[in-house]
Each structure stands twice: as C-alpha cells, then as structure tokens.
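**Student:** upload.txt is reproduced below (compact mmCIF, C-alpha atoms and all ligand atoms).
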# COMPACT_ATOMS: atom_id res chain seq x y z
CA MET R 1 -11.64 11.73 -4.77
CA SER R 2 -12.04 8.51 -2.94
CA GLU R 3 -10.79 7.73 0.53
CA THR R 4 -8.96 4.55 1.21
CA PRO R 5 -10.86 2.37 3.68
CA HIS R 6 -9.97 2.55 7.33
CA GLU R 7 -9.68 -0.09 9.93
CA GLY R 8 -13.03 -1.70 10.58
CA ASP R 9 -14.79 -1.00 7.29
CA HIS R 10 -13.22 -3.77 5.20
CA VAL R 11 -15.40 -5.94 3.00
CA SER R 12 -15.57 -9.43 4.49
CA PRO R 13 -15.23 -12.18 1.95
CA PRO R 14 -17.96 -14.82 2.33
CA TYR R 15 -16.89 -18.08 3.89
CA GLY R 16 -15.36 -20.48 1.44
CA SER R 17 -18.10 -22.97 2.16
CA GLU R 18 -20.69 -20.43 0.96
CA ARG R 19 -18.87 -20.02 -2.33
CA GLN R 20 -18.56 -23.79 -2.68
CA PHE R 21 -22.30 -24.10 -2.07
CA GLN R 22 -23.07 -21.38 -4.65
CA ILE R 23 -20.95 -23.19 -7.23
CA TYR R 24 -22.63 -26.56 -6.60
CA MET R 25 -26.12 -24.98 -6.63
CA ALA R 26 -25.47 -23.10 -9.87
CA GLY R 27 -24.36 -26.44 -11.29
CA LEU R 28 -27.80 -27.91 -10.53
CA GLN R 29 -29.22 -25.15 -12.79
CA GLY R 30 -26.77 -26.20 -15.48
CA GLN R 31 -24.36 -23.31 -14.89
CA LEU R 32 -20.71 -24.20 -14.42
CA PRO R 33 -17.91 -21.88 -13.27
CA ALA R 34 -16.80 -19.61 -16.14
CA LEU R 35 -13.11 -20.09 -15.38
CA PRO R 36 -11.08 -23.23 -14.77
CA LEU R 37 -10.41 -23.59 -11.04
CA ASP R 38 -7.12 -25.31 -11.70
CA VAL R 39 -4.50 -22.62 -12.22
CA GLN R 40 -2.55 -24.62 -14.81
CA GLU R 41 -5.73 -25.14 -16.82
CA LEU R 42 -6.49 -21.43 -16.43
CA GLU R 43 -3.05 -20.62 -17.83
CA ARG R 44 -3.71 -22.93 -20.81
CA ARG R 45 -7.00 -21.12 -21.49
CA ALA R 46 -5.25 -17.76 -21.26
CA LYS R 47 -2.59 -18.96 -23.70
CA GLU R 48 -5.31 -19.70 -26.28
CA ARG R 49 -6.55 -16.11 -26.00
CA LEU R 50 -3.25 -14.24 -26.01
CA SER R 51 -0.75 -13.45 -28.74
CA PRO R 52 2.21 -15.86 -28.47
CA GLU R 53 4.53 -13.03 -27.50
CA ALA R 54 2.22 -11.66 -24.78
CA TYR R 55 1.73 -15.15 -23.34
CA ASP R 56 5.46 -15.85 -23.26
CA TYR R 57 6.18 -12.44 -21.78
CA VAL R 58 3.95 -13.19 -18.78
CA ALA R 59 4.69 -16.89 -18.45
CA GLY R 60 8.43 -16.65 -18.91
CA GLY R 61 11.34 -16.16 -16.57
CA ALA R 62 15.06 -15.52 -16.55
CA GLY R 63 17.60 -17.94 -18.02
CA ALA R 64 16.59 -21.59 -17.94
CA GLU R 65 13.67 -20.57 -15.72
CA ASP R 66 15.05 -22.69 -12.88
CA THR R 67 14.27 -20.07 -10.23
CA MET R 68 10.76 -19.65 -11.59
CA GLN R 69 10.24 -23.40 -11.16
CA ALA R 70 11.98 -23.41 -7.79
CA ASN R 71 9.48 -20.83 -6.52
CA LEU R 72 6.69 -23.39 -6.93
CA ALA R 73 8.71 -26.40 -5.78
CA ALA R 74 9.64 -24.63 -2.53
CA PHE R 75 6.02 -24.76 -1.39
CA GLN R 76 6.04 -28.54 -1.69
CA ARG R 77 8.89 -28.75 0.77
CA TRP R 78 6.65 -27.50 3.56
CA SER R 79 3.57 -29.44 4.73
CA ILE R 80 0.64 -28.28 6.82
CA VAL R 81 -0.14 -30.56 9.76
CA PRO R 82 -3.90 -30.08 10.35
CA ARG R 83 -5.32 -29.99 13.87
CA MET R 84 -8.73 -31.48 14.72
CA LEU R 85 -11.74 -30.59 16.86
CA GLY R 86 -11.28 -26.90 17.34
CA ASN R 87 -14.40 -24.72 17.05
CA ILE R 88 -14.15 -23.44 13.46
CA ALA R 89 -17.63 -21.93 13.07
CA GLN R 90 -16.50 -18.28 13.25
CA ARG R 91 -13.54 -17.50 11.07
CA ASP R 92 -11.65 -14.33 10.28
CA LEU R 93 -9.24 -13.96 7.38
CA SER R 94 -8.58 -10.28 8.00
CA VAL R 95 -5.16 -8.85 8.85
CA GLU R 96 -3.87 -5.44 9.86
CA LEU R 97 -1.30 -3.89 7.54
CA LEU R 98 0.11 -0.34 7.83
CA GLY R 99 -3.04 0.94 9.49
CA LEU R 100 -5.37 -0.78 7.03
CA ARG R 101 -7.50 -3.78 7.86
CA LEU R 102 -7.42 -6.08 4.84
CA PRO R 103 -10.18 -8.64 4.25
CA ALA R 104 -7.50 -11.31 3.77
CA PRO R 105 -3.69 -11.46 3.74
CA LEU R 106 -3.79 -10.87 0.01
CA LEU R 107 -2.89 -8.04 -2.38
CA LEU R 108 -2.46 -7.95 -6.14
CA ALA R 109 1.18 -7.76 -7.24
CA PRO R 110 2.23 -4.94 -9.54
CA ILE R 111 2.25 -6.21 -13.11
CA GLY R 112 3.11 -3.84 -15.92
CA VAL R 113 1.71 -3.31 -19.44
CA GLN R 114 -1.58 -5.10 -18.93
CA SER R 115 -2.98 -3.75 -22.22
CA ILE R 116 -1.15 -6.61 -23.95
CA ILE R 117 -3.49 -8.92 -21.99
CA HIS R 118 -6.87 -7.18 -22.18
CA PRO R 119 -8.06 -3.79 -23.49
CA GLU R 120 -9.42 -2.78 -20.07
CA ALA R 121 -6.12 -3.80 -18.48
CA GLU R 122 -5.45 -2.18 -15.08
CA LEU R 123 -8.94 -0.61 -15.03
CA ALA R 124 -10.53 -4.06 -14.99
CA VAL R 125 -8.13 -5.27 -12.31
CA ALA R 126 -8.78 -2.18 -10.15
CA ARG R 127 -12.55 -2.69 -10.36
CA ALA R 128 -12.32 -6.40 -9.54
CA ALA R 129 -10.02 -5.77 -6.58
CA ALA R 130 -12.16 -2.90 -5.27
CA SER R 131 -15.30 -5.03 -5.41
CA LEU R 132 -13.70 -7.36 -2.87
CA GLY R 133 -11.80 -4.76 -0.84
CA ILE R 134 -8.50 -6.36 -1.89
CA PRO R 135 -5.70 -3.81 -2.40
CA PHE R 136 -3.93 -3.76 -5.74
CA ILE R 137 -0.46 -2.37 -6.40
CA LEU R 138 -0.33 -0.38 -9.61
CA SER R 139 2.86 -0.71 -11.65
CA THR R 140 4.80 2.37 -12.79
CA VAL R 141 4.62 0.88 -16.27
CA SER R 142 0.83 0.67 -16.41
CA SER R 143 -1.16 1.04 -19.61
CA TYR R 144 -3.55 3.58 -18.08
CA THR R 145 -2.44 6.56 -16.02
CA LEU R 146 -2.38 6.18 -12.25
CA GLU R 147 -5.15 8.82 -12.08
CA GLU R 148 -7.38 6.85 -14.47
CA VAL R 149 -6.82 3.66 -12.51
CA ALA R 150 -7.56 5.45 -9.22
CA ARG R 151 -10.91 6.57 -10.63
CA ALA R 152 -11.70 3.00 -11.69
CA ALA R 153 -10.89 1.78 -8.18
CA GLY R 154 -13.32 4.24 -6.60
CA GLY R 155 -12.85 3.92 -2.87
CA GLY R 156 -10.88 0.67 -3.18
CA PRO R 157 -7.50 0.41 -1.46
CA ARG R 158 -4.51 0.86 -3.75
CA TRP R 159 -0.74 1.22 -3.59
CA PHE R 160 1.70 2.52 -6.19
CA GLN R 161 4.79 0.59 -7.29
CA LEU R 162 7.75 2.78 -8.21
CA TYR R 163 10.42 2.04 -10.77
CA TRP R 164 12.70 4.78 -9.54
CA PRO R 165 13.75 6.81 -12.57
CA ALA R 166 17.19 8.42 -12.88
CA ASP R 167 15.63 11.89 -13.04
CA ALA R 168 14.98 12.92 -9.42
CA GLU R 169 12.43 15.55 -10.27
CA PHE R 170 10.43 13.07 -12.35
CA CYS R 171 10.67 10.56 -9.48
CA ALA R 172 9.22 13.11 -7.07
CA SER R 173 6.48 13.96 -9.55
CA LEU R 174 5.40 10.31 -9.81
CA VAL R 175 5.15 9.74 -6.06
CA GLN R 176 3.36 13.03 -5.51
CA ARG R 177 0.85 12.18 -8.24
CA ALA R 178 0.28 8.81 -6.56
CA GLU R 179 -0.24 10.45 -3.18
CA ARG R 180 -2.72 12.96 -4.63
CA ALA R 181 -4.62 10.19 -6.41
CA GLY R 182 -5.23 8.31 -3.15
CA TYR R 183 -2.60 5.58 -3.32
CA GLY R 184 -1.87 4.50 0.24
CA ALA R 185 1.78 3.37 -0.01
CA ILE R 186 4.80 3.46 -2.32
CA VAL R 187 6.38 0.10 -3.18
CA VAL R 188 9.89 0.59 -4.52
CA THR R 189 10.95 -2.34 -6.67
CA LEU R 190 14.67 -2.93 -6.24
CA ASP R 191 15.25 -6.08 -8.28
CA THR R 192 14.59 -4.68 -11.77
CA ARG R 193 17.05 -1.87 -12.40
CA LEU R 194 17.99 -3.85 -15.49
CA ILE R 195 15.66 -6.32 -17.19
CA GLY R 196 16.76 -9.92 -16.63
CA TRP R 197 18.03 -12.23 -19.38
CA ARG R 198 14.72 -13.64 -20.64
CA PRO R 199 15.21 -16.08 -23.51
CA ARG R 200 11.55 -16.27 -24.51
CA ASP R 201 11.32 -12.52 -25.02
CA LEU R 202 14.77 -12.26 -26.59
CA GLN R 203 13.93 -15.00 -29.11
CA ARG R 204 10.99 -12.92 -30.29
CA ALA R 205 12.82 -9.60 -29.76
CA TYR R 206 9.76 -8.63 -27.75
CA LEU R 207 9.75 -5.73 -25.32
CA PRO R 208 6.25 -4.30 -24.90
CA PHE R 209 7.33 -0.79 -24.01
CA LEU R 210 9.26 -0.38 -27.25
CA GLN R 211 5.81 -0.25 -28.83
CA ALA R 212 4.93 2.57 -26.42
CA GLN R 213 2.96 0.13 -24.24
CA GLY R 214 3.11 0.83 -20.54
CA LEU R 215 4.18 4.44 -20.85
CA ALA R 216 0.93 6.07 -19.68
CA ASN R 217 2.43 7.40 -16.44
CA TYR R 218 5.42 8.80 -18.30
CA LEU R 219 3.58 10.44 -21.20
CA SER R 220 1.08 12.06 -18.82
CA ASP R 221 3.78 13.51 -16.58
CA PRO R 222 4.62 17.20 -17.04
CA VAL R 223 8.19 16.72 -15.79
CA PHE R 224 8.82 13.77 -18.13
CA ARG R 225 7.36 15.65 -21.11
CA ARG R 226 9.21 18.86 -20.45
CA ASP R 227 12.45 18.47 -22.44
CA LEU R 228 11.21 16.24 -25.26
CA PRO R 229 12.09 17.63 -28.70
CA GLN R 230 8.62 16.67 -29.98
CA THR R 231 5.47 15.76 -28.07
CA PRO R 232 4.79 12.01 -27.81
CA GLU R 233 1.59 12.63 -29.80
CA GLU R 234 3.60 14.04 -32.72
CA ASN R 235 6.31 11.40 -32.52
CA PRO R 236 6.50 8.66 -29.84
CA PHE R 237 10.15 7.78 -30.45
CA PRO R 238 11.89 10.51 -28.47
CA ALA R 239 9.65 9.61 -25.51
CA ILE R 240 10.39 5.89 -25.86
CA GLN R 241 14.10 6.71 -26.14
CA LYS R 242 13.97 8.86 -23.03
CA TYR R 243 12.03 6.19 -21.14
CA VAL R 244 14.50 3.45 -22.04
CA SER R 245 17.54 5.53 -21.19
CA SER R 246 16.21 6.63 -17.80
CA PHE R 247 14.39 3.46 -16.70
CA GLY R 248 16.98 1.85 -14.46
CA HIS R 249 18.63 4.18 -11.99
CA LEU R 250 21.87 2.22 -11.77
CA THR R 251 23.65 4.49 -9.33
CA LEU R 252 20.81 4.47 -6.80
CA GLN R 253 21.94 3.38 -3.32
CA TRP R 254 20.53 2.82 0.16
CA GLU R 255 21.31 6.37 1.26
CA ASP R 256 19.09 7.70 -1.54
CA LEU R 257 15.95 6.24 0.03
CA ALA R 258 15.85 9.33 2.26
CA PHE R 259 14.89 11.30 -0.86
CA LEU R 260 11.51 9.53 -0.94
CA ARG R 261 10.79 10.49 2.65
CA GLN R 262 11.35 14.13 1.70
CA HIS R 263 8.83 13.92 -1.11
CA THR R 264 6.01 11.82 0.28
CA GLN R 265 4.14 11.23 3.51
CA LEU R 266 3.15 7.75 2.39
CA PRO R 267 4.55 4.54 3.87
CA VAL R 268 7.41 3.11 1.79
CA LEU R 269 7.98 -0.60 1.19
CA LEU R 270 10.92 -2.24 -0.57
CA LYS R 271 10.13 -5.06 -3.02
CA GLY R 272 12.68 -7.65 -4.00
CA ILE R 273 14.44 -8.28 -0.68
CA LEU R 274 15.98 -11.77 -0.41
CA HIS R 275 19.09 -11.44 1.79
CA PRO R 276 18.76 -11.07 5.58
CA ASP R 277 21.42 -8.35 5.60
CA ASP R 278 19.42 -6.31 3.07
CA ALA R 279 16.35 -6.79 5.26
CA ARG R 280 18.27 -5.38 8.26
CA ARG R 281 19.51 -2.52 6.12
CA ALA R 282 15.93 -1.77 5.06
CA VAL R 283 14.82 -1.57 8.71
CA GLU R 284 17.76 0.72 9.50
CA CYS R 285 16.74 3.00 6.64
CA GLY R 286 13.38 3.43 8.30
CA VAL R 287 11.18 1.90 5.60
CA ASP R 288 7.73 0.69 6.57
CA GLY R 289 7.81 -2.80 5.09
CA VAL R 290 9.69 -5.23 2.87
CA ILE R 291 8.45 -7.64 0.24
CA VAL R 292 10.36 -10.88 -0.12
CA SER R 293 10.27 -11.58 -3.85
CA ASN R 294 12.43 -12.70 -6.74
CA HIS R 295 10.09 -11.08 -9.25
CA GLY R 296 8.52 -14.40 -10.15
CA GLY R 297 11.88 -15.80 -11.28
CA ARG R 298 12.14 -13.19 -14.04
CA GLN R 299 15.35 -11.48 -12.95
CA VAL R 300 18.12 -13.70 -11.57
CA ALA R 301 18.18 -17.25 -12.91
CA GLY R 302 19.64 -19.36 -10.17
CA ALA R 303 18.40 -17.08 -7.39
CA ILE R 304 17.05 -18.55 -4.20
CA ALA R 305 13.36 -19.55 -4.28
CA ALA R 306 11.39 -16.75 -2.65
CA LEU R 307 9.84 -19.04 -0.02
CA GLU R 308 13.32 -20.29 0.95
CA ALA R 309 14.39 -16.71 1.54
CA LEU R 310 11.39 -15.85 3.68
CA PRO R 311 12.43 -17.32 7.08
CA GLY R 312 15.82 -15.59 7.00
CA VAL R 313 14.28 -12.21 6.23
CA VAL R 314 11.59 -12.67 8.89
CA GLU R 315 14.27 -13.48 11.45
CA ALA R 316 16.39 -10.48 10.47
CA VAL R 317 13.47 -8.07 10.59
CA ALA R 318 12.45 -9.47 14.00
CA GLY R 319 8.94 -8.03 13.96
CA ARG R 320 10.06 -4.42 13.53
CA ILE R 321 8.20 -3.93 10.23
CA PRO R 322 5.80 -6.16 8.29
CA VAL R 323 7.27 -8.67 5.84
CA LEU R 324 5.23 -9.38 2.73
CA PHE R 325 5.84 -12.14 0.23
CA ASP R 326 5.39 -12.98 -3.45
CA SER R 327 6.65 -15.34 -6.17
CA GLY R 328 4.82 -18.63 -6.43
CA ILE R 329 1.43 -18.11 -4.76
CA ARG R 330 -0.95 -20.39 -6.67
CA GLN R 331 -3.48 -21.70 -4.10
CA GLY R 332 -4.85 -21.13 -0.61
CA ALA R 333 -2.38 -23.51 1.00
CA ASP R 334 0.50 -21.44 -0.38
CA ILE R 335 -0.85 -18.40 1.47
CA VAL R 336 -1.19 -20.45 4.66
CA LYS R 337 2.43 -21.59 4.35
CA ALA R 338 3.84 -18.13 3.64
CA VAL R 339 1.90 -16.62 6.55
CA ALA R 340 2.93 -19.48 8.85
CA LEU R 341 6.56 -18.71 7.93
CA GLY R 342 6.11 -15.10 8.98
CA ALA R 343 4.62 -13.15 6.06
CA ARG R 344 1.96 -10.64 7.09
CA ALA R 345 0.36 -10.89 3.64
CA VAL R 346 1.14 -12.15 0.15
CA LEU R 347 0.93 -10.74 -3.36
CA LEU R 348 -0.82 -12.67 -6.07
CA GLY R 349 0.92 -12.39 -9.45
CA ARG R 350 0.47 -14.34 -12.68
CA PRO R 351 -2.81 -16.13 -11.73
CA TYR R 352 -4.87 -12.92 -11.79
CA ILE R 353 -3.36 -12.02 -15.16
CA TRP R 354 -4.62 -15.36 -16.53
CA GLY R 355 -8.06 -14.46 -15.13
CA LEU R 356 -7.84 -11.06 -16.86
CA ALA R 357 -6.92 -12.72 -20.16
CA VAL R 358 -9.82 -15.19 -20.03
CA GLY R 359 -12.58 -13.11 -18.46
CA GLY R 360 -11.59 -9.45 -18.04
CA GLU R 361 -12.83 -7.84 -14.83
CA ALA R 362 -15.15 -10.76 -14.02
CA GLY R 363 -12.28 -13.17 -14.63
CA VAL R 364 -10.03 -11.38 -12.14
CA ARG R 365 -12.85 -11.30 -9.59
CA GLU R 366 -13.46 -15.02 -10.02
CA VAL R 367 -9.78 -15.86 -9.52
CA LEU R 368 -9.77 -13.77 -6.34
CA GLN R 369 -13.01 -15.22 -4.98
CA ASN R 370 -11.76 -18.74 -5.58
CA MET R 371 -8.45 -17.94 -3.92
CA LEU R 372 -10.20 -16.50 -0.85
CA ALA R 373 -12.57 -19.47 -0.61
CA ASP R 374 -9.70 -21.92 -0.94
CA LEU R 375 -7.74 -20.01 1.72
CA ASP R 376 -10.68 -19.97 4.13
CA LEU R 377 -11.36 -23.70 3.75
CA THR R 378 -7.70 -24.69 3.94
CA LEU R 379 -7.25 -22.63 7.07
CA ALA R 380 -10.40 -23.98 8.74
CA LEU R 381 -9.69 -27.59 7.83
CA SER R 382 -6.18 -27.16 9.20
CA GLY R 383 -7.76 -26.15 12.52
CA PHE R 384 -7.29 -22.36 12.43
CA VAL R 385 -9.98 -19.70 12.76
CA SER R 386 -7.80 -16.69 12.08
CA VAL R 387 -4.84 -15.79 9.96
CA SER R 388 -3.16 -14.07 12.86
CA SER R 389 -3.00 -17.33 14.86
CA LEU R 390 -0.93 -19.08 12.19
CA ASP R 391 2.70 -19.73 13.00
CA ARG R 392 5.54 -22.16 12.30
CA SER R 393 3.87 -24.82 14.48
CA ALA R 394 1.34 -25.34 11.64
CA LEU R 395 4.08 -26.69 9.36
CA VAL R 396 6.70 -29.40 9.10
CA LYS R 397 9.50 -29.59 6.59
CA ALA R 398 8.43 -32.28 4.13
CA GLU R 399 10.50 -35.43 3.72
CA ARG R 400 10.15 -35.53 -0.06
CA ALA R 401 12.56 -33.63 -2.29
C1 LIG K 501 4.24 -9.95 -16.78
C2 LIG K 501 4.81 -9.47 -15.48
C3 LIG K 501 5.05 -8.11 -15.32
C4 LIG K 501 5.53 -7.63 -14.08
N1 LIG K 501 5.68 -6.28 -13.93
C5 LIG K 501 6.10 -5.82 -12.74
C6 LIG K 501 6.18 -4.43 -12.50
O1 LIG K 501 5.86 -3.63 -13.38
N2 LIG K 501 6.62 -4.02 -11.30
C7 LIG K 501 6.98 -4.90 -10.30
O2 LIG K 501 7.39 -4.48 -9.22
N3 LIG K 501 6.88 -6.22 -10.49
C8 LIG K 501 6.43 -6.70 -11.67
N4 LIG K 501 6.31 -8.04 -11.83
C9 LIG K 501 6.61 -8.96 -10.71
C10 LIG K 501 5.35 -9.21 -9.86
O3 LIG K 501 5.03 -8.07 -9.11
C11 LIG K 501 5.56 -10.37 -8.86
O4 LIG K 501 6.74 -10.14 -8.12
C12 LIG K 501 5.66 -11.72 -9.55
O5 LIG K 501 4.70 -11.83 -10.60
C13 LIG K 501 5.46 -12.85 -8.55
O6 LIG K 501 5.65 -14.09 -9.12
P1 LIG K 501 4.42 -15.06 -9.54
O7 LIG K 501 3.58 -14.30 -10.51
O8 LIG K 501 5.08 -16.23 -10.21
O9 LIG K 501 3.69 -15.46 -8.29
C14 LIG K 501 5.81 -8.54 -13.04
C15 LIG K 501 5.57 -9.91 -13.23
C16 LIG K 501 5.05 -10.38 -14.41
C17 LIG K 501 4.75 -11.84 -14.55
O1 LIG K 502 8.55 -7.54 -17.01
C1 LIG K 502 8.72 -7.32 -15.80
O2 LIG K 502 8.89 -8.24 -14.98
C2 LIG K 502 8.74 -5.97 -15.32
O3 LIG K 502 8.83 -5.80 -14.15
C3 LIG K 502 8.68 -4.82 -16.23
C4 LIG K 502 9.74 -3.94 -16.29
C5 LIG K 502 9.69 -2.85 -17.16
C6 LIG K 502 8.59 -2.65 -17.94
C7 LIG K 502 7.52 -3.53 -17.88
C8 LIG K 502 7.56 -4.61 -16.99
Would you give me this structure, written as structure tokens?
Ligand SMILES: Cc1cc2nc3c(=O)[nH]c(=O)nc-3n(C[C@H](O)[C@H](O)[C@H](O)COP(=O)(O)O)c2cc1C
Ligand SMILES: O=C(O)C(=O)c1ccccc1

**Tutor:**
Amino acid sequence: MSETPHEGDHVSPPYGSERQFQIYMAGLQGQLPALPLDVQELERRAKERLSPEAYDYVAGGAGAEDTMQANLAAFQRWSIVPRMLGNIAQRDLSVELLGLRLPAPLLLAPIGVQSIIHPEAELAVARAAASLGIPFILSTVSSYTLEEVARAAGGGPRWFQLYWPADAEFCASLVQRAERAGYGAIVVTLDTRLIGWRPRDLQRAYLPFLQAQGLANYLSDPVFRRDLPQTPEENPFPAIQKYVSSFGHLTLQWEDLAFLRQHTQLPVLLKGILHPDDARRAVECGVDGVIVSNHGGRQVAGAIAALEALPGVVEAVAGRIPVLFDSGIRQGADIVKAVALGARAVLLGRPYIWGLAVGGEAGVREVLQNMLADLDLTLALSGFVSVSSLDRSALVKAERA
C-alpha cells in the first residue's frame, strides 16, 4: 500500500510562465491546448458531451440558484491591489496543511457519482491529482470503491469525505476502511443530511443513486451488506432502499462527533461551516479543520455566499485550526482572494468535473495545470512570492456592486 507524502517531498508545479511558454511553443508547431482555458467555454464543451440530466445535475443548484450565482459574484466584490518591484524570481506556492506540505493551496472537492460523467470517473481524477501531488477528497458516494480509488492514486495524497450514515457500525466501518486504504483525513460533510430542493433534477426526476450509481462503497461494505434480504448482485433494490433510508443521519448532533475520534486516528475536518458560532463549536469539539462551503449553492437557496462567510469563520477560529474554503473557485485570482481572506487552502469543484467530461484523466490534469499556472502568475504579478505571505492587505473591497 502506498504512503501519503510527507513534508518536503511534494511535487513542485512548474512556474506558470513555463506552462505559458510551453503552450505558445506548441502553438508554433500547430498544436493548440486540448481544452478551452475559459471555464465557461469548458462547461459548454462538457455540456455537449454529457447526457442532459448528468449536465444539469452537476451544473444545477438549489431553488432559483441565487446562492450558486452569489458564490461567483462574491469574488467580484473583492479586488487585488498589485504591488510593484518586488523580487519575484523565486516563487513558492506550497502550503503546510495537517502535517502535509501541499504543492499549492489546492485540493479537489469531493464530488459524488462521477460515473455519470466519464467511465473512468474517480479513478481518472485520482490519477490526474496524484500526477501533480494535489490531494483529492473522495466522496462517500463514489462510483468506484475507496480501495480501488486508493490503488489508482498510488502514493498520491488523498482524503475521504464521509456522509455519516445512521448506522453507527457501518459508519465506523467506512472510516476504518478509509484509514486502512491510506486516506489521510476524514472530511465530514454537514450540509447534506437531506438533499436540497433542486428544480433541474426534480423536473427530470433524476437522482443518480436510484439507478445504483454511487453505491460502490456501500455495496462493498460487509456491515452494509449484512442484513440485506438479497445480495445487491441478485437484486439491487433492497440495497438502494437501505441506502436511501439511512443516507441522512437526521438526529446526529455535535456531541456525536466524539464517536469518530473513538474509531479513527485520522484528522477530522467539518465541511459546510458558514456561521461563526458553528466554527467556534467545531473548535471546541476538537476537530482538526473546517471547510467553509455552501456545497456550491446546491443545498440552501438564499444562503450566504461562501466567500462572504469566510471572514467571519476565520475570525471565530482565530488561528486555532486551519480554515479551508470552497464554492465558487474558478480561476487563480479566486484562490488568491480566498487565501488573502484567511483560507489555508481551497477546494476546486465543478471545473475539474468539466475537465473530466471533456478529456478524462488528461482533461482533469489540464484543468489543474492551468489553474496552478494562473495562480502562480496572478500571485507573482500581484507582487507576492509565496502563498503564506498573502493577507488582507492584498485586497480592497470593490466599489462596484
Ligand atoms: C455534482 C456534485 C456532486 C457533489 N457531491 C458531493 C459529495 O458527494 N460530497 C460532498 O461533500 N460534496 C459534494 N459536492 C459539493 C462539492 O464538494 C463542493 O462543495 C462544491 O462543488 C463547490 O462548489 P463549486 O463547484 O461551485 O466551486 C458536490 C458538488 C457537485 C457539483
Ligand atoms: O449532489 C450532491 O451535491 C451531493 O452531495 C450528493 C449527495 C448524495 C449522493 C450523491 C451526491
């Protein structure tokens, strides 16, 4: 089994200017980038490849999708104020996170049921991430088992996202499998104990896991399988039924987090924190990190934009544990802004799924390489040589709406 990398042996991404140069030089040989660099254009290309229901499932959000849009708009309300004439020859995008040194303040967000996007699904994503030393967070509802995905990742860093099931013994089984398979942290997603009101999916009556998609970690689990009247191979419906009825653990409360500590040695992070009081509560519970996120606007229509929630959470946590961020990261400047507002690192969501749809493993890698290059150049041109030197002084609140 693979070891997760330790401090010091991270893969350094090449400078953004090197990637730029490669792209221009390849162009002289008549070879243009395989994927659109513009993320909206990339999404349009993905839409052409995907079934309408799979596209809408990924692209859509809760209610009138106002929070999903607000996530992007919030980045426009902060502006970088670049500084000139620093020495920017030597640059370092790396950050320390829970004992790991990451090549950049970037991880891949957990996204479920990727087999609706591409047959290689999470395996392709794991390989692409590992090739760059970027950690990925595997969803509980993955299309391949967490053990299969771990093998695909080789020695690449990986975390496991937990949808905490109602059955405690099954919950323990999942986290222990993740620990054995070399996942380096457990990310407990708190914002999706029920699925949000998503008009696009409801209009099509589309729920991927009702077609037994995304159940790999359930069907491969001895505890989950134990009391089924028939094996899932004989008849998938009892398993689907059991999955649906136990998915959201609606009576779970803060006190129950101690249960995880008793069943795993791994660091625990809470994903979906938006309120400063919840952030304080998380610190009091002894968790190792929080992720500010509104699930890409897929859960509570009308919820606060994730970036708007970030400063309040950072203040409440007061440096005691790392604060991560997702929901709306689309370009290098967005990472700069989130880090300047106090995020240790960010999670990339939908954009890598568009890369997967258009180009499989190579598509994901290209999206990541472009993101890293864009981040490096944006940082350097703003006058910074390291991610760790970014702070609020890099930003002003924009005048425009
Ligand atoms: C299609 C889709 C499936 C997702 N599945 C999961 C999941 O299984 N577990 C989870 O914690 N978050 C899940 N998320 C939320 C992402 O981890 C992340 O919070 C979100 O995509 C960030 O928003 P953005 O993609 O707009 O940047 C999913 C998001 C999408 C778009
Ligand atoms: O669709 C989602 O956002 C999500 O998190 C999810 C929840 C359950 C199963 C698959 C994905």

**Student:** Compute the set of protein, DNA and RNA residues whose minimum atom distance to ligand LIG 501 (chain K) is at most 9 Å, using only C-alpha atoms and all ligand atoms, and state it as a ChimeraX atom specification.

**Tutor:** /R:54-61,68-69,71-72,108-114,137-142,161-163,187-192,214,271-272,291-298,325-330,347-353

**Student:** Grab the CA of Arg225 in chain R to atom C6 of ligand LIG 502 (chain K) distance for me, in Å with one decimal place.

**Tutor:**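 Atom-to-atom, CA of Arg225 in chain R to atom C6 of ligand LIG 502 (chain K), that is 18.6 Å.
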
**Student:** For range 143-149 of chain R, list every protein, DNA or RNA residue within 8 Å, evaluated using only C-alpha atoms, and leave out those in the same chain fewer than 4 positions away; present the list as a PyMOL selection string.

**Tutor:** chain R and resi 112-115+121-123+126+138+153+177-178+181+213-217+220

**Student:** Show which residues sit within 8 Å of Pro14 in chain R, as a PyMOL selection string. Count all atoms listed in the file, and ignore same-chain residues fewer than 3 positions away.

**Tutor:** chain R and resi 18-19+373

**Student:** Just to confirm, what's the straight-line distance from CA of Val283 in chain R to CA of Ala316 in chain R in Å (one decimal)?

**Tutor:**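 If I compute the distance from CA of Val283 in chain R to CA of Ala316 in chain R, I get 9.2 Å.
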
**Student:** Each side padded by 6 Å, which centre and which edge lengths in Å (one decimal) define the axis-aligned box around the listed atoms of ligand LIG 502 (chain K)? Give them as AutoDock Vina command-line options.

**Tutor:**
--center_x 8.6 --center_y -5.4 --center_z -16.0 --size_x 14.2 --size_y 17.6 --size_z 15.8

**Student:** Which residue gives the smallest distance to ligand LIG 502 (chain K) among R:Ala185, R:Leu35, R:Val244, R:Leu93, with all atoms listed in the file counted?

**Tutor:** R:Val244

**Student:** Kindly give the distance, in Å, that separates CA of Glu315 in chain R and CA of Gly342 in chain R, rounded to a single decimal.

**Tutor:**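 Going from CA of Glu315 in chain R over to CA of Gly342 in chain R, I get 8.7 Å.
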
**Student:** Could you name the residues that touch Lys242 in chain R at 9 Å or less, counting all atoms listed in the file, but leaving out those on the same chain fewer than 5 positions away, as a CSV table (one decimal) with C-alpha atoms, in the coordinates of the input?

**Tutor:**
chain,number,residue,atom,x,y,z
R,224,PHE,CA,8.8,13.8,-18.1
R,228,LEU,CA,11.2,16.2,-25.3
R,237,PHE,CA,10.2,7.8,-30.4
R,247,PHE,CA,14.4,3.5,-16.7

**Student:** Any chance you could model N, CA and C atoms for range 262-272 of chain R and send them as a compact mmCIF listing (two decimals), in the coordinates of the input?

**Tutor:**
# COMPACT_ATOMS: atom_id res chain seq x y z
N GLN R 262 11.50 12.67 1.83
CA GLN R 262 11.35 14.13 1.70
C GLN R 262 10.24 14.51 0.74
N HIS R 263 9.80 13.57 -0.08
CA HIS R 263 8.83 13.92 -1.11
C HIS R 263 7.48 13.25 -0.96
N THR R 264 7.32 12.42 0.06
CA THR R 264 6.01 11.82 0.28
C THR R 264 5.80 11.51 1.76
N GLN R 265 4.54 11.60 2.14
CA GLN R 265 4.14 11.23 3.51
C GLN R 265 3.80 9.75 3.59
N LEU R 266 3.69 9.11 2.42
CA LEU R 266 3.15 7.75 2.39
C LEU R 266 4.15 6.75 2.96
N PRO R 267 3.65 5.64 3.50
CA PRO R 267 4.55 4.54 3.87
C PRO R 267 5.32 4.05 2.65
N VAL R 268 6.55 3.61 2.87
CA VAL R 268 7.41 3.11 1.79
C VAL R 268 7.76 1.65 2.07
N LEU R 269 7.59 0.81 1.07
CA LEU R 269 7.98 -0.60 1.19
C LEU R 269 9.01 -0.91 0.10
N LEU R 270 9.91 -1.83 0.41
CA LEU R 270 10.92 -2.24 -0.57
C LEU R 270 10.59 -3.64 -1.07
N LYS R 271 10.49 -3.77 -2.40
CA LYS R 271 10.13 -5.06 -3.02
C LYS R 271 11.34 -5.67 -3.70
N GLY R 272 11.56 -6.96 -3.38
CA GLY R 272 12.68 -7.65 -4.00
C GLY R 272 13.78 -7.99 -3.01
